[in-house]
Amino acid sequence: MSDANRKTTSRAGGDQVGRLPGRPIGARQRMAPDERRRQIAQVAAQMIAYYGTYGVSMQAIADAVGLTLPGLRHYVRTREELLSLVIQVYYDQGSFTFGSKPGERDELAIGRDREGHPLYSLPGYLRRLIKENAERMVLVMLFMHLAVEAHDPAHPAHEYYRDRHARMIDFMDGIRWKLPEPYQDRSAFHRLIRTVYCTMDGVQIQALTNPDDDMIALWTKAEPILFPSPQWDDCR
């Protein structure tokens, strides 16, 4: 059989489905449990983005991380648990980090407080987050899909989704934002953050369900309503 025929046969038989380009299958490596779960989440996220949610099997994930299927089930017992792990570990890397990306703090710094600490643009941060999500729509789709399923208290991601807004508020509290005077009140700021993220969820759902709607364009329309002029003009 020629090399070309072998390649065609391999594709037709599906042997390549679920493999990351250039990654050896079956290469085992000892890892601490937390490190292994993070590896599984990262590989699964990459494969879901490449093949789609329904194009990735538990066996394909096991092959890609160098585990047997029973070995993979030691860390994630079901497909639902695997998808929940992807969201908790990989999807939220961008949502619960600040300043980890090159130049992020410098780009978002728009002033200093009385002690000389940099102050950052909340609208600018959210704009960047929307841009990142627009580049990973498959994972956004997975996040929204699991959010509906996780309404069931028995779902492995139930507590994660139930508590996510509270964790988000704690995270946002830890950043020195440049805010208009009314939102320097803690409770007012928390109400704003909840409204912002509910709006962001709605924008993402609309972009996913209507192919004529662009996520970035939708957020561009929402931003002046959430952060109106002239109140926010010095805080963008």
# chains A, B, ... in the order shown; residues from 1 in each chain; ligands from 1
>>> residues_around(residues="A:His158", least_positions_apart="2", cutoff="12 Å", atoms="only C-alpha atoms", output="JSON list (two decimals) with N, CA and C atoms, in the first residue's frame")
[["chain", "number", "residue", "atom", "x", "y", "z"],
["A", 80, "GLU", "N", -19.46, 14.08, 31.76],
["A", 80, "GLU", "CA", -19.93, 15.32, 32.39],
["A", 80, "GLU", "C", -18.90, 15.89, 33.34],
["A", 81, "GLU", "N", -18.25, 15.00, 34.09],
["A", 81, "GLU", "CA", -17.22, 15.45, 35.03],
["A", 81, "GLU", "C", -16.00, 15.98, 34.28],
["A", 84, "SER", "N", -16.90, 19.44, 32.98],
["A", 84, "SER", "CA", -16.92, 20.38, 34.10],
["A", 84, "SER", "C", -15.50, 20.77, 34.51],
["A", 85, "LEU", "N", -14.59, 19.79, 34.47],
["A", 85, "LEU", "CA", -13.18, 20.07, 34.80],
["A", 85, "LEU", "C", -12.58, 21.05, 33.80],
["A", 88, "GLN", "N", -13.80, 24.53, 34.77],
["A", 88, "GLN", "CA", -13.28, 25.02, 36.05],
["A", 88, "GLN", "C", -11.79, 25.34, 35.98],
["A", 146, "LEU", "N", -23.17, 23.68, 29.80],
["A", 146, "LEU", "CA", -23.05, 23.10, 31.13],
["A", 146, "LEU", "C", -23.80, 23.94, 32.17],
["A", 147, "ALA", "N", -23.89, 25.25, 31.95],
["A", 147, "ALA", "CA", -24.60, 26.10, 32.89],
["A", 147, "ALA", "C", -26.06, 25.68, 33.01],
["A", 148, "VAL", "N", -26.67, 25.27, 31.91],
["A", 148, "VAL", "CA", -28.06, 24.81, 31.93],
["A", 148, "VAL", "C", -28.14, 23.45, 32.62],
["A", 149, "GLU", "N", -27.25, 22.53, 32.25],
["A", 149, "GLU", "CA", -27.27, 21.19, 32.85],
["A", 149, "GLU", "C", -27.01, 21.25, 34.36],
["A", 150, "ALA", "N", -26.14, 22.18, 34.78],
["A", 150, "ALA", "CA", -25.71, 22.23, 36.17],
["A", 150, "ALA", "C", -26.80, 22.76, 37.10],
["A", 151, "HIS", "N", -27.96, 23.13, 36.54],
["A", 151, "HIS", "CA", -29.10, 23.48, 37.40],
["A", 151, "HIS", "C", -29.49, 22.30, 38.29],
["A", 152, "ASP", "N", -29.21, 21.09, 37.82],
["A", 152, "ASP", "CA", -29.47, 19.87, 38.58],
["A", 152, "ASP", "C", -28.44, 19.75, 39.71],
["A", 153, "PRO", "N", -28.86, 19.71, 40.97],
["A", 153, "PRO", "CA", -27.91, 19.61, 42.08],
["A", 153, "PRO", "C", -27.00, 18.39, 42.01],
["A", 154, "ALA", "N", -27.39, 17.37, 41.26],
["A", 154, "ALA", "CA", -26.57, 16.17, 41.15],
["A", 154, "ALA", "C", -25.47, 16.32, 40.10],
["A", 155, "HIS", "N", -25.50, 17.39, 39.30],
["A", 155, "HIS", "CA", -24.50, 17.58, 38.25],
["A", 155, "HIS", "C", -23.15, 17.91, 38.88],
["A", 156, "PRO", "N", -22.03, 17.37, 38.35],
["A", 156, "PRO", "CA", -20.72, 17.63, 38.95],
["A", 156, "PRO", "C", -20.30, 19.09, 38.94],
["A", 160, "TYR", "N", -19.99, 24.69, 41.28],
["A", 160, "TYR", "CA", -19.14, 25.64, 40.56],
["A", 160, "TYR", "C", -19.98, 26.78, 39.99],
["A", 161, "TYR", "N", -21.05, 26.45, 39.28],
["A", 161, "TYR", "CA", -21.90, 27.48, 38.67],
["A", 161, "TYR", "C", -22.68, 28.25, 39.73],
["A", 162, "ARG", "N", -23.13, 27.56, 40.76],
["A", 162, "ARG", "CA", -23.89, 28.22, 41.82],
["A", 162, "ARG", "C", -23.07, 29.31, 42.49],
["A", 163, "ASP", "N", -21.78, 29.07, 42.68],
["A", 163, "ASP", "CA", -20.93, 29.98, 43.45],
["A", 163, "ASP", "C", -20.07, 30.89, 42.57],
["A", 164, "ARG", "N", -20.21, 30.78, 41.25],
["A", 164, "ARG", "CA", -19.27, 31.46, 40.37],
["A", 164, "ARG", "C", -19.35, 32.98, 40.49]]
>>> select_by_dssp(residues="stretch 40-137 of chain A", states="helix (DSSP H, G or I)", output="PyMOL selection string")
chain A and resi 40-51+53-55+58-65+69-73+79-93+104-108+122-134+137
>>> select_by_dssp(residues="stretch 22-213 of chain A", states="strand (DSSP E or B)", output="ChimeraX atom specification")
/A:109-112,118-120,177
>>> write_last_selection(atoms="N, CA and C atoms", output="PDB file, in the first residue's frame")
ATOM      1  N   ALA A 109      -3.710  50.283  32.769  1.00  0.00           N
ATOM      2  CA  ALA A 109      -3.477  51.313  33.790  1.00  0.00           C
ATOM      3  C   ALA A 109      -3.903  52.680  33.255  1.00  0.00           C
ATOM      4  N   ILE A 110      -4.749  53.383  34.034  1.00  0.00           N
ATOM      5  CA  ILE A 110      -5.248  54.685  33.556  1.00  0.00           C
ATOM      6  C   ILE A 110      -5.137  55.772  34.641  1.00  0.00           C
ATOM      7  N   GLY A 111      -4.356  55.541  35.673  1.00  0.00           N
ATOM      8  CA  GLY A 111      -4.204  56.535  36.729  1.00  0.00           C
ATOM      9  C   GLY A 111      -3.571  55.928  37.962  1.00  0.00           C
ATOM     10  N   ARG A 112      -3.493  56.725  39.027  1.00  0.00           N
ATOM     11  CA  ARG A 112      -2.929  56.260  40.290  1.00  0.00           C
ATOM     12  C   ARG A 112      -3.778  56.778  41.454  1.00  0.00           C
ATOM     13  N   PRO A 118      -1.088  51.990  40.891  1.00  0.00           N
ATOM     14  CA  PRO A 118      -1.801  52.091  39.605  1.00  0.00           C
ATOM     15  C   PRO A 118      -3.280  51.751  39.757  1.00  0.00           C
ATOM     16  N   LEU A 119      -4.114  52.453  39.000  1.00  0.00           N
ATOM     17  CA  LEU A 119      -5.544  52.167  38.909  1.00  0.00           C
ATOM     18  C   LEU A 119      -5.843  51.677  37.500  1.00  0.00           C
ATOM     19  N   TYR A 120      -6.802  50.750  37.386  1.00  0.00           N
ATOM     20  CA  TYR A 120      -7.019  50.064  36.117  1.00  0.00           C
ATOM     21  C   TYR A 120      -8.426  50.295  35.579  1.00  0.00           C
ATOM     22  N   TRP A 177      -9.477  49.203  40.659  1.00  0.00           N
ATOM     23  CA  TRP A 177     -10.093  49.805  39.482  1.00  0.00           C
ATOM     24  C   TRP A 177     -10.215  51.318  39.668  1.00  0.00           C
TER      25      TRP A 177
END
>>> closest_atom_pairs(of="stretch 64-147 of chain A", to="stretch 205-216 of chain A", cutoff="12 Å", atoms="only C-alpha atoms", output="tab-separated table")
residue	atom	partner	partner_atom	distance
A:Leu126	CA	A:Ile216	CA	10.8
A:Arg127	CA	A:Ile216	CA	8.1
A:Arg128	CA	A:Ile216	CA	9.7
A:Leu129	CA	A:Ile216	CA	10.0
A:Ile130	CA	A:Ile216	CA	6.5
A:Lys131	CA	A:Ile216	CA	6.4
A:Glu132	CA	A:Ile216	CA	9.8
A:Asn133	CA	A:Met215	CA	8.5
A:Ala134	CA	A:Met215	CA	6.2
A:Glu135	CA	A:Met215	CA	9.9
A:Arg136	CA	A:Met215	CA	11.3
A:Met137	CA	A:Leu208	CA	7.8
A:Val138	CA	A:Leu208	CA	9.4
A:Leu139	CA	A:Leu208	CA	11.1
A:Val140	CA	A:Leu208	CA	8.5
A:Met141	CA	A:Leu208	CA	7.0
A:Leu142	CA	A:Leu208	CA	10.8
A:Phe143	CA	A:Ile205	CA	10.3
A:Met144	CA	A:Ile205	CA	7.4
A:His145	CA	A:Ile205	CA	9.9
A:Ala147	CA	A:Ile205	CA	11.4
>>> residues_around(residues="A:Thr199", least_positions_apart="2", cutoff="12 Å", atoms="only C-alpha atoms", output="JSON, numbers by chain")
{"A": [126, 130, 192, 193, 194, 195, 196, 197, 201, 202, 203, 204, 205, 206, 215, 218, 219, 220, 221, 222, 223, 225, 226]}
>>> write_last_selection(atoms="N, CA, C and O atoms", output="short mmCIF file (atom, residue, chain, number, x, y, z; two decimals), in the first residue's frame")
data_model
loop_
_atom_site.label_atom_id
_atom_site.label_comp_id
_atom_site.auth_asym_id
_atom_site.auth_seq_id
_atom_site.Cartn_x
_atom_site.Cartn_y
_atom_site.Cartn_z
N LEU A 126 -12.94 44.27 30.66
CA LEU A 126 -14.07 43.49 30.15
C LEU A 126 -14.04 43.41 28.63
O LEU A 126 -14.38 42.37 28.06
N ILE A 130 -14.05 39.90 26.53
CA ILE A 130 -14.97 39.58 25.44
C ILE A 130 -14.19 39.20 24.17
O ILE A 130 -14.55 38.24 23.46
N LEU A 192 -23.01 46.38 40.33
CA LEU A 192 -22.55 46.64 38.97
C LEU A 192 -21.91 45.38 38.37
O LEU A 192 -22.20 45.02 37.22
N ILE A 193 -21.06 44.72 39.13
CA ILE A 193 -20.36 43.54 38.62
C ILE A 193 -21.35 42.43 38.28
O ILE A 193 -21.23 41.76 37.24
N ARG A 194 -22.34 42.23 39.13
CA ARG A 194 -23.35 41.21 38.83
C ARG A 194 -24.09 41.55 37.53
O ARG A 194 -24.34 40.69 36.69
N THR A 195 -24.45 42.81 37.37
CA THR A 195 -25.14 43.24 36.16
C THR A 195 -24.26 43.07 34.93
O THR A 195 -24.72 42.60 33.87
N VAL A 196 -22.98 43.41 35.07
CA VAL A 196 -22.04 43.29 33.96
C VAL A 196 -21.94 41.84 33.49
O VAL A 196 -22.00 41.56 32.29
N TYR A 197 -21.81 40.91 34.43
CA TYR A 197 -21.61 39.52 34.02
C TYR A 197 -22.90 38.86 33.55
O TYR A 197 -22.86 37.97 32.69
N ASP A 201 -23.13 37.26 29.81
CA ASP A 201 -23.73 35.96 29.50
C ASP A 201 -24.76 36.10 28.39
O ASP A 201 -24.82 35.29 27.46
N GLY A 202 -25.60 37.14 28.49
CA GLY A 202 -26.61 37.36 27.47
C GLY A 202 -26.02 37.65 26.10
O GLY A 202 -26.50 37.15 25.08
N VAL A 203 -24.96 38.43 26.06
CA VAL A 203 -24.28 38.74 24.81
C VAL A 203 -23.72 37.46 24.19
O VAL A 203 -23.84 37.23 22.97
N GLN A 204 -23.14 36.61 25.02
CA GLN A 204 -22.55 35.38 24.50
C GLN A 204 -23.61 34.42 23.99
O GLN A 204 -23.43 33.79 22.94
N ILE A 205 -24.73 34.33 24.70
CA ILE A 205 -25.83 33.47 24.23
C ILE A 205 -26.36 33.97 22.90
O ILE A 205 -26.62 33.19 21.97
N GLN A 206 -26.55 35.28 22.79
CA GLN A 206 -27.06 35.85 21.54
C GLN A 206 -26.11 35.58 20.38
O GLN A 206 -26.54 35.23 19.27
N MET A 215 -20.12 38.81 18.71
CA MET A 215 -20.01 39.02 20.15
C MET A 215 -19.37 40.38 20.48
O MET A 215 -19.85 41.11 21.36
N LEU A 218 -21.82 43.21 19.70
CA LEU A 218 -22.88 43.27 20.70
C LEU A 218 -22.38 43.93 21.99
O LEU A 218 -23.09 44.73 22.60
N TRP A 219 -21.17 43.58 22.41
CA TRP A 219 -20.63 44.18 23.63
C TRP A 219 -20.36 45.67 23.44
O TRP A 219 -20.56 46.47 24.35
N THR A 220 -19.93 46.04 22.25
CA THR A 220 -19.69 47.46 21.94
C THR A 220 -20.96 48.28 22.12
O THR A 220 -20.92 49.44 22.56
N LYS A 221 -22.11 47.66 21.80
CA LYS A 221 -23.39 48.35 21.98
C LYS A 221 -23.81 48.38 23.45
O LYS A 221 -24.44 49.34 23.90
N ALA A 222 -23.46 47.34 24.20
CA ALA A 222 -23.86 47.26 25.61
C ALA A 222 -23.00 48.14 26.50
O ALA A 222 -23.47 48.67 27.51
N GLU A 223 -21.74 48.32 26.13
CA GLU A 223 -20.80 49.03 27.01
C GLU A 223 -21.24 50.45 27.37
O GLU A 223 -21.16 50.84 28.55
N ILE A 225 -24.09 51.59 27.78
CA ILE A 225 -25.23 51.52 28.71
C ILE A 225 -24.74 51.14 30.10
O ILE A 225 -25.19 51.70 31.11
N LEU A 226 -23.80 50.21 30.17
CA LEU A 226 -23.25 49.79 31.46
C LEU A 226 -22.33 50.86 32.04
O LEU A 226 -22.29 51.05 33.26
#
>>> atom_distance(atom1="atom CA of A:Lys178", atom2="atom CA of A:Leu122")
7.3 Å
>>> residues_around(residues="A:Arg38", least_positions_apart="2", cutoff="12 Å", atoms="only C-alpha atoms", output="ChimeraX atom specification")
/A:31-36,40-45,65,75-76,82,85-91,93
>>> atom_distance(atom1="atom CA of A:Pro230", atom2="atom CA of A:Arg176")
20.9 Å
>>> atom_distance(atom1="atom CA of A:His190", atom2="atom CA of A:Met172")
8.9 Å
>>> residues_around(residues="A:Arg236", least_positions_apart="6", cutoff="7 Å", atoms="only C-alpha atoms", output="list of chain:residue names")
A:Ser121, A:Leu122, A:Pro123, A:Gly124
>>> write_last_selection(atoms="N, CA and C atoms", output="PDB file, in the first residue's frame")
ATOM      1  N   SER A 121      -8.545  50.108  34.263  1.00  0.00           N
ATOM      2  CA  SER A 121      -9.809  50.342  33.558  1.00  0.00           C
ATOM      3  C   SER A 121     -10.683  49.098  33.607  1.00  0.00           C
ATOM      4  N   LEU A 122     -11.808  49.179  34.293  1.00  0.00           N
ATOM      5  CA  LEU A 122     -12.756  48.069  34.318  1.00  0.00           C
ATOM      6  C   LEU A 122     -13.377  47.837  32.931  1.00  0.00           C
ATOM      7  N   PRO A 123     -13.862  48.877  32.235  1.00  0.00           N
ATOM      8  CA  PRO A 123     -14.386  48.651  30.885  1.00  0.00           C
ATOM      9  C   PRO A 123     -13.338  48.055  29.944  1.00  0.00           C
ATOM     10  N   GLY A 124     -12.096  48.496  30.077  1.00  0.00           N
ATOM     11  CA  GLY A 124     -11.031  47.965  29.232  1.00  0.00           C
ATOM     12  C   GLY A 124     -10.767  46.495  29.494  1.00  0.00           C
TER      13      GLY A 124
END
